[in-house]
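Accompanying notes for the structure given below.
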Amino acid sequence: MRTLFRVLLWLAGGLVAVALVAAAFGYYLISRSQPVYDGARTLAGIERDVEIVRDANAVPHIYAKTDADAYFAMGLIHAQERLWQMELSRRGAQGRLAELFGPAALPLDRRLRALDLHNLARASLRFQTPETIAALEAYAAGVNAWIGVVNEEALGRGAPEFFLFNESLAPWTPADSLAILKVMALRLTNAAEMETKRAKLLRRLTPEQLEDLFPLYPDPGMLALPAFASAFPGLDMPTTSRRAEVDDTVRSLEQIFFPRARFAGASNVWAVDGRRTASGAPLLANDPHLWLSAPSVWMLMHVEFPGRGVIGGTLAGVPAVFVGRNRSLAWGLTTAGIDDQDVYIEKLNPDNPDEYLTPNGWARFNTRVETIRVKGGEPVEATLRWTRHGPVPPPDLYDLGAVTPPGHVAALAWTALSAEDRSLEAALAMMRADRIEDATAAGEKVLAPGQNIAVADKDGVGIFVAGRAPKRRADSRSQGRLPSLGWIEENDWLGLSEPGSGPRSIRPRSGVVANANNRSTNAVFPDHLSFDWEAPYRIRRIEQKLNAREFHTAESFIELQNDTVSEMARAVLPLVASDLWWTRDEGAGDARGDRREAALKMLGAWNGEMSEHAAEPLIFVAWMRALTRRIAGDELGESLPEIEGARPLFIERVFYDVDGAGRWCDVDKTARVETCAEISKLALDDALDELAAAYGSDISAWRWGEAHRARHLATPLGLRWPFGLFVNIEHETSGGDYTLQRAQTRGRGPEPYQNVHAAGFRAVYDFADLDRSVYIISTGESGHLLSRHYDDLAELWRVGEYIPMSMAEDDIRAGALGVMRLSPAE
């Protein structure tokens with residue numbers, strides 16, 4: 001027995017030793033790709049010496065003597081820090097994710113291949129200016145130079161994630177960068193999904209009920225919606241969704257490339273001229289809202305071109321500073337909400353499925369067959385089809401199959417599906433602009449996504465809508481609000497709006513501009529830009545706070561950018577709680593009634609601040625979710641997930657009984673007529689029961705931050721145990737869906753209050769001294785999980801603090817982490 005014990009002990013010790021050796025070897029391999037900021041390299045592809053200084057926060061500052069060398073260095077740095085992020089974006093644009101993630105990613109590849117984004121990007125190269133082509137080529141050379149260094153020096157394949165996959169890394173091309181911009185445009189639109197959502201809901205609701213769920217901004221020219229199913233008399237519409245369940249990795253990829261409509265993009269921007277500042281110089285603040293990831297979508301960078309410098313937020317894979325400033329101009333972006341997509345229902349020829357109906361008779365699809373390689377499986381052929389309106393996506397894209405009758409297919413028209421796309425040229429021109437007028441001229445080159453661009457120079461401020469909108473006919477039957485019948489000529493676009501024709505306010509008399517994805521024009525259809533705008537609560541808060549003081553400072557802008565008071569809560573809570581506050585609670589005295597009474601007392605004293613340390617935000621948000629379910633559940637049935645989550649404009653409309661919307665409170669399955677006060681009470685009990693089950697019965701111990709955690713997810717490592725414990729960045733956060741410090745909740749699933757969509761970049765630009773402007777991103781500069789700069793900015797971001805980013809060389813070199821010198825090869 002003793003001998004057996006010794007043998008087992010030796011075996012156990014041997015296994016432990018082998019595991020330790022394997023772990024040490026794995027760590028060695030992974031650490032080889034960790035970025036090093038000091039040193040000298042001789043590289044082919046540059047013309048003259050380049051210096052890259054990493055400041056105290058690892059922000060790279062590039063000093064180049066030619067434009068080409070500056071773009072080369074941008075590519076090299078992006079590849080050094082974010083190579084996996086770049087490869088994931090590129091493969092998504094190409095529809096080649098199944099090569100990495102196996103059969104589960106095949107449906108995602110089918111959708112992406114159908115849109116043909118990478119081929120469109122390649123075709124658009126011929127429309128770029130020589131300067132843009134030169135920037136793209138120099139950038140690609142820089143990326144490939146770093147890939148060459150990785151291969152020559154065995155630097156751990158460039159990033160730890162590459163050890164999970166056997167696929168080789170192809171050279172970077174100019175088209176790859178343009179394709180990533182196409183992907184971003186896809187990410188920032190929700191128009192097609194909103195059309196299908198309305199169509200699905202109209203199978204159960206009247207047009208009037210749909211107006212309640214998706215209320216319009218006041219617009220006297222608007223007509224009532226038709227019932228979607230009436231367009232297909234005698235045909236049975238699909239009754240269930242065709243979307244299949246997917247694994248966690250593919251679900252995370254879907255959120256990157258095809259987010260749900262409510263996560264399509266948002267942002268805040270505001271600026272005031274010198275008449276409204278204590279210093280007499282303009283101020284501008286901007287915080288774009290996108291999905292949270294590790295590393296952040298954004299990477300900070302400063303580039304010194306010959307005779308000019310630019311600093312701000314970049315996207316890995318693209319040679320541009322998209323939000324930032326130069327020495328005379330600052331600019332910020334928000335999603336403009338342009339309705340830039342239409343779904344067309346195309347009728348198939350029953351005698352020839354290769355043809356579809358047009359106003360002029362039957363026409364053939366344009367068809368191409370592609371092969372999709374699948375990890376762990378056989379290659380799969382995908383037949384790609386296009387109509388005159390656009391590509392025919394798979395039925396699971398935006399759940400199009402659920403609104404497509406038998407004998408028909410859905411096609412997608414989208415402004416971005418054009419090779420004549422000079423949006424990158426616009427970004428490069430913005431970097432060179434000196435005056436607001438130069439910036440507006442640059443913005444005229446934007447195709448998609450539609451953006452509100454706020455600008456400031458030393459003399460004033462302005463804002464304008466960039467991006468081209470579809471020109472719909474005044475007699476359009478769908479008005480772009482529902483899927484359109486493809487063979488009806490009135491539904492066709494008449495082209496795109498003219499460049500520079502969007503709304504604008506340049507150097508306004510008020511000296512103040514602002515946008516929070518709210519409506520930007522009062523024009524009626526077809527010149528309206530969109531029917532779907534962000535709820536007005538954030539813009540109300542901006543207006544209120546900007547007007548609350550005569551003169552602003554950088555500090556007041558920072559305070560406003562981190563404001564966590566919900567104007568939505570202040571508007572809606574009195575509506576849903578007033579009857580409960582002022583009537584005797586017959587249920588008081590039992591545990592449930594006492595809990596309800598305690599919750600109402602807490603909410604009665606609450607000022608609407610969505611603090612992570614308070615219970616009130618959690619109670620209120622849970623109540624809003626439960627109230628939506630209670631009010632709409634009987635009418636919507638299995639379609640309830642289409643609107644799941646808080647819908648405050650709908651709640652306001654119901655409780656104010658606008659156009660009879662109070663009828664929603666009556667449960668149509670019962671004989672009696674329920675009141676909104678009764679439903680509100682039941683919903684509050686639902687919410688409190690849910691929270692008690694999750695967080696315990698002591699209501700005073702509940703905290704918003706415990707439920708409202710931000711998870712910056714690393715794909716795919718963050719989805720694999722135990723790697724997620726180390727590579728995902730998580731922390732409690734304040735704010736909410738409708739606060740200026742945007743922290744949007746998931747709204748559904750097992751973690752409905754998780755913060756998944758927020759301002760991954762914040763900046764405040766002060767023209768009193770532009771080098772005192774401040775910035776922050778949500779994680780850190782590096783995408784390498786072993787780097788201390790992988791997450792070193794995350795806590796600053798969480799608590800609303802910033803880092804300085806100066807273009808003054810003395811500031812940059814003070815406390816610099818390292819200097820990399822690049823020299824041209826002989």
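For the structure tokens, the naming scheme is as follows: chains receive sequential letters (A, B, ...) according to their order of presentation, residues are indexed from 1 within each chain, and ligands are indexed from 1 in presentation order.
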
(message) I want to know what sits within 7 Å of segment 57-66 of chain A, based on only C-alpha atoms, with residues of the same chain fewer than 4 positions away left out; could you give that as a PyMOL selection string?
(response) chain A and resi 48+50-53+70+300-306+781+789+817

(message) Using DSSP secondary structure from the backbone, list all strand (DSSP E) positions within segment 479-725 of chain A, as a PyMOL selection string.
(response) chain A and resi 484-485+493-496+504-506+512-515+709-712

(message) If we count only C-alpha atoms and set the cut-off at 10 Å, which residues sit around Ala105 of chain A, ignoring sequence neighbours fewer than 3 positions away in its own chain? Please answer as a ChimeraX atom specification.
(response) /A:95-102,108-110,246-247,249-251,253-254,374-375

(request) Fewer than 3 positions away in the same chain doesn't count, so skip those; otherwise give me all residues within 6 Å of segment 82-90 of chain A, counting only C-alpha atoms, as a PyMOL selection string. (result) chain A and resi 78-79+93+316-317+783

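Restricting the calculation to only C-alpha atoms, the smallest distance between Ala598 of chain A and any of A:Glu420, A:Asp811, A:Asp685, A:Asp766 is found for A:Asp685.
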
(message) Excluding Ala410 of chain A and its own-chain neighbours fewer than 4 positions away, which residues fall within 12 Å of it when counting only C-alpha atoms? Please give them as number ranges by chain.
(response) A: 114, 192, 195-196, 342-348, 356, 385-406, 483-486

(request) Tell me which protein, DNA and RNA residues are within 8 Å of Glu609 of chain A, counting only C-alpha atoms, leaving out same-chain ones fewer than 2 positions away, and put them as a ChimeraX atom specification. (result) /A:564-566,606-607,611,617,735

Within 10 Å of segment 514-517 of chain A, counting only C-alpha atoms, which residues qualify if same-chain residues fewer than 6 places away don't, as a short mmCIF file (atom, residue, chain, number, x, y, z; two decimals) with N, CA and C atoms, in the first residue's frame?
```cif
data_model
loop_
_atom_site.label_atom_id
_atom_site.label_comp_id
_atom_site.auth_asym_id
_atom_site.auth_seq_id
_atom_site.Cartn_x
_atom_site.Cartn_y
_atom_site.Cartn_z
N GLY A 265 -26.54 52.44 -32.15
CA GLY A 265 -25.61 53.56 -32.05
C GLY A 265 -26.31 54.78 -31.48
N ALA A 266 -25.61 55.50 -30.65
CA ALA A 266 -26.13 56.72 -30.06
C ALA A 266 -24.93 57.57 -29.66
N SER A 267 -25.19 58.78 -29.18
CA SER A 267 -24.08 59.64 -28.76
C SER A 267 -24.63 60.95 -28.23
N ASN A 268 -23.77 61.69 -27.55
CA ASN A 268 -24.05 63.07 -27.16
C ASN A 268 -22.98 63.98 -27.74
N VAL A 269 -23.38 65.18 -28.13
CA VAL A 269 -22.41 66.20 -28.48
C VAL A 269 -23.03 67.56 -28.21
N TRP A 270 -22.26 68.47 -27.69
CA TRP A 270 -22.72 69.86 -27.55
C TRP A 270 -21.51 70.78 -27.58
N ALA A 271 -21.76 72.02 -27.95
CA ALA A 271 -20.67 73.00 -28.03
C ALA A 271 -21.24 74.38 -27.81
N VAL A 272 -20.44 75.25 -27.24
CA VAL A 272 -20.84 76.65 -27.06
C VAL A 272 -19.69 77.53 -27.54
N LEU A 284 -16.22 72.25 -26.67
CA LEU A 284 -16.97 71.20 -27.34
C LEU A 284 -16.81 69.90 -26.55
N ALA A 285 -17.90 69.17 -26.35
CA ALA A 285 -17.88 67.87 -25.65
C ALA A 285 -18.53 66.83 -26.54
N ASN A 286 -17.97 65.61 -26.54
CA ASN A 286 -18.50 64.54 -27.37
C ASN A 286 -18.28 63.19 -26.69
N ASP A 287 -19.29 62.34 -26.73
CA ASP A 287 -19.13 60.96 -26.24
C ASP A 287 -19.97 60.02 -27.09
N PRO A 288 -19.36 59.39 -28.10
CA PRO A 288 -20.08 58.42 -28.93
C PRO A 288 -20.40 57.16 -28.14
N LEU A 333 -19.03 63.47 -33.09
CA LEU A 333 -20.03 62.79 -33.89
C LEU A 333 -21.16 62.25 -33.02
N THR A 334 -22.37 62.25 -33.59
CA THR A 334 -23.48 61.46 -33.05
C THR A 334 -24.21 60.82 -34.22
N THR A 335 -24.87 59.71 -33.95
CA THR A 335 -25.64 59.04 -34.99
C THR A 335 -26.82 59.91 -35.40
N ALA A 336 -26.96 60.12 -36.71
CA ALA A 336 -27.99 61.03 -37.21
C ALA A 336 -29.36 60.39 -37.31
N GLY A 337 -29.41 59.05 -37.29
CA GLY A 337 -30.70 58.37 -37.34
C GLY A 337 -31.37 58.41 -38.70
N GLN A 451 -24.26 60.91 -39.97
CA GLN A 451 -23.74 61.41 -38.71
C GLN A 451 -24.08 62.89 -38.54
N ASN A 452 -24.39 63.28 -37.30
CA ASN A 452 -24.39 64.69 -36.94
C ASN A 452 -22.96 65.04 -36.55
N ILE A 453 -22.38 66.02 -37.21
CA ILE A 453 -21.00 66.42 -36.92
C ILE A 453 -21.03 67.81 -36.29
N ALA A 454 -20.64 67.87 -35.04
CA ALA A 454 -20.52 69.16 -34.35
C ALA A 454 -19.08 69.61 -34.44
N GLY A 462 -20.68 74.98 -34.68
CA GLY A 462 -21.69 74.62 -35.67
C GLY A 462 -22.00 73.14 -35.59
N ILE A 463 -23.06 72.73 -36.29
CA ILE A 463 -23.43 71.32 -36.36
C ILE A 463 -24.13 71.09 -37.69
N ASP A 532 -37.92 57.55 -36.93
CA ASP A 532 -37.45 56.96 -35.67
C ASP A 532 -36.28 57.75 -35.12
N TRP A 533 -36.53 58.42 -34.03
CA TRP A 533 -35.49 59.19 -33.35
C TRP A 533 -35.36 58.71 -31.91
N GLU A 534 -34.22 58.99 -31.33
CA GLU A 534 -34.03 58.66 -29.91
C GLU A 534 -35.02 59.45 -29.07
N ALA A 535 -35.49 58.84 -27.99
CA ALA A 535 -36.40 59.54 -27.07
C ALA A 535 -35.75 60.84 -26.61
N PRO A 536 -36.53 61.88 -26.35
CA PRO A 536 -35.98 63.23 -26.17
C PRO A 536 -35.39 63.52 -24.78
N TYR A 537 -35.28 62.53 -23.91
CA TYR A 537 -34.90 62.81 -22.52
C TYR A 537 -33.48 63.34 -22.39
N ARG A 538 -32.54 62.79 -23.17
CA ARG A 538 -31.16 63.28 -23.05
C ARG A 538 -31.02 64.70 -23.57
N ILE A 539 -31.66 65.01 -24.71
CA ILE A 539 -31.53 66.37 -25.23
C ILE A 539 -32.21 67.36 -24.30
N ARG A 540 -33.29 66.96 -23.63
CA ARG A 540 -33.91 67.84 -22.65
C ARG A 540 -32.94 68.15 -21.51
N ARG A 541 -32.22 67.14 -21.08
CA ARG A 541 -31.26 67.34 -19.99
C ARG A 541 -30.13 68.27 -20.44
N ILE A 542 -29.64 68.08 -21.66
CA ILE A 542 -28.58 68.95 -22.17
C ILE A 542 -29.05 70.39 -22.22
N GLU A 543 -30.23 70.61 -22.78
CA GLU A 543 -30.76 71.98 -22.87
C GLU A 543 -30.93 72.59 -21.48
N LEU A 546 -27.33 73.28 -20.02
CA LEU A 546 -26.61 74.34 -20.72
C LEU A 546 -27.21 75.70 -20.43
N LEU A 740 -27.27 61.18 -19.49
CA LEU A 740 -26.18 61.65 -20.35
C LEU A 740 -24.96 60.75 -20.23
#
```

(message) Please report the interatomic distance between atom CA of Arg432 of chain A and atom CA of Thr173 of chain A in Å with one decimal.
(response) 24.1 Å

(message) One number please: atom CA of Leu213 of chain A to atom CA of Ile338 of chain A, in Å, one decimal.
(response) 20.2 Å

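Separating atom CA of Val576 of chain A from atom CA of Trp664 of chain A is a distance of 13.9 Å.
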
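Shortest atom-to-atom contact with Ser556 of chain A among A:Pro35, A:Ala199, A:Arg276, A:Asp698: A:Arg276, counting only C-alpha atoms.
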
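Shortest separation to Asp273 of chain A among A:Ala763, A:Cys665, A:Leu575, A:Val455 occurs at residue A:Val455, atoms counted being only C-alpha atoms.
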
(request) Kindly indicate which residue among A:Ala382, A:Ala294, A:Asp459, A:Pro103 lies nearest to Glu370 of chain A, using only C-alpha atoms for the distances. (result) A:Ala382

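Minimum atom-to-atom distances from A:His289, A:Asp791, A:Ala135, A:Leu691 to Asn755 of chain A were compared using only C-alpha atoms, and the lowest value belongs to A:His289.
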
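Distance check against Pro174 of chain A using only C-alpha atoms: of A:Ile777, A:Ala141, A:Ala591, A:Ala439, the minimum falls on A:Ala141.
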
(message) Could you go through segment 453-568 of chain A and tell me which residues DSSP, when run on the backbone, assigns to alpha helix (DSSP H), listing them as a PyMOL selection string?
(response) chain A and resi 537-547+554-561+567-568
